[in-house]
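**Student:** Below you'll find the structure I mean.
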Amino acid sequence: MSYIPPVNFGYVEDNVFRSGEPKEKNFSFIETLKLKTVIVLSPEGPNPALRKFLEEHVIECQHLTAESSQSEMVTEGVIVQALRVILDPTHYPVLVCCGVGRHRTGTLIGCLRKLQNWNLTSILAEYRRFAGNKQRLENEQFIELFDTELVSMSPTSAHGGGGT
């Protein structure tokens, strides 16, 4: 059996992972994570094979996207919803994914890092590491301007975060 992680897979925090949308060749690897929740940020939702895999393994799928948006950008509302899931340990282990794990996922993780009081230089370095030469200034600006007071934190999750 081969264990192939999805494109742009990364460890975020204990029990929090990020990646591009898993494909069938990644399912053996995904099983090793023993996920409880997958947050899908793609407007179209999970592909049929992933949807079936999640159902068969009783993994909660949170498809979060702005109803009227086919945009590459995520909205503040989607970010806040997703952060509340990530910061709630009852959803652990959790995987955050979008198409290839660059822009929507990177913006969300950047906003998480801002909640964790990372400095902006470190946040953007992480965003750029996953975005490669496809980084987007509008995503970086979104992270910089994100109002962290929209999400409350508690010391029980994500190393200093918890959501309400």
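A note on labels: chains of the structure tokens are A, B, ... as shown, every chain counts residues from 1, and ligands are counted from 1 in their shown order.
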Neighbouring residues of Arg104 (chain A) were defined as those with any atom within 6 Å, considering only C-alpha atoms; residues of the same chain fewer than 2 positions away were excluded. Please report them as a PyMOL selection string.
**Tutor:** chain A and resi 74+106-107
**Student:** What's the 8 Å shell around Val7 (chain A), counting only C-alpha atoms, without same-chain residues fewer than 6 positions away, as a list in words?
**Tutor:**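 What passes the distance filter is Ser19, Gly20, Glu21, Pro22, Val100 and Gly101 of chain A.
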**Student:** Using DSSP on the backbone coordinates, identify the residues of chain A assigned to strand (DSSP E or B); present them as a list in words.
**Tutor:** Gly10, Tyr11, Val12, Glu13, Val16, Phe17, Arg18, Ser19, Gly20, Thr37, Val38, Ile39, Val40, Glu60, Cys61, Gln62, His63, Val94, Leu95, Val96, Cys97, Cys98, Ser157 and Gly161 of chain A
**Student:** Please provide as a PyMOL selection string all residues within 10 Å of Ala131 (chain A), with the sequence filter that same-chain residues fewer than 3 positions apart are discarded (counting only C-alpha atoms).
**Tutor:** chain A and resi 8+100-103+105-106+125-128+134-136
**Student:** May I have all residues of region 94-146 of chain A that DSSP, computed from the backbone, assigns to helix (DSSP H, G or I), given as number ranges by chain?
**Tutor:** A: 103-115, 120-134, 137-145
**Student:** Under the rule that only C-alpha atoms are counted, which of A:Glu76, A:Val12, A:Tyr92, A:Phe130 is the nearest residue to Leu145 (chain A)?
**Tutor:**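 Closest to Leu145 (chain A), using only C-alpha atoms: A:Glu76.
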**Student:** Could you list, with a cut-off of 10 Å and counting only C-alpha atoms, the residues of region 97-159 of chain A near region 46-64 of chain A, each shown with its nearest atom pair and the distance in Å rounded to one decimal, rows sorted by chain and ascending number, as JSON lines?
**Tutor:**
```
{"residue": "A:Cys97", "atom": "CA", "partner": "A:Pro46", "partner_atom": "CA", "distance": 9.4}
{"residue": "A:Cys98", "atom": "CA", "partner": "A:Pro46", "partner_atom": "CA", "distance": 8.6}
{"residue": "A:Gly99", "atom": "CA", "partner": "A:Pro46", "partner_atom": "CA", "distance": 9.2}
```
**Student:** Contacts of Arg18 (chain A) at 6 Å or less, counting only C-alpha atoms, minus same-chain residues fewer than 6 places along, as a tab-separated table (two decimals) with N, CA, C and O atoms, in the first residue's frame?
**Tutor:**
```tsv
chain	number	residue	atom	x	y	z
A	9	PHE	N	0.15	19.31	0.99
A	9	PHE	CA	-0.18	18.86	2.33
A	9	PHE	C	0.78	19.48	3.33
A	9	PHE	O	1.97	19.61	3.08
A	10	GLY	N	0.25	19.86	4.47
A	10	GLY	CA	1.10	20.39	5.53
A	10	GLY	C	0.45	20.26	6.90
A	10	GLY	O	-0.77	20.20	7.03
A	95	LEU	N	-8.93	18.57	8.60
A	95	LEU	CA	-8.17	18.90	7.39
A	95	LEU	C	-8.88	20.05	6.69
A	95	LEU	O	-10.10	20.00	6.51
A	96	VAL	N	-8.13	21.09	6.33
A	96	VAL	CA	-8.65	22.21	5.53
A	96	VAL	C	-8.12	22.03	4.12
A	96	VAL	O	-6.91	21.84	3.93
A	97	CYS	N	-9.01	22.09	3.12
A	97	CYS	CA	-8.55	21.93	1.75
A	97	CYS	C	-9.33	22.80	0.78
A	97	CYS	O	-10.45	23.26	1.07
```
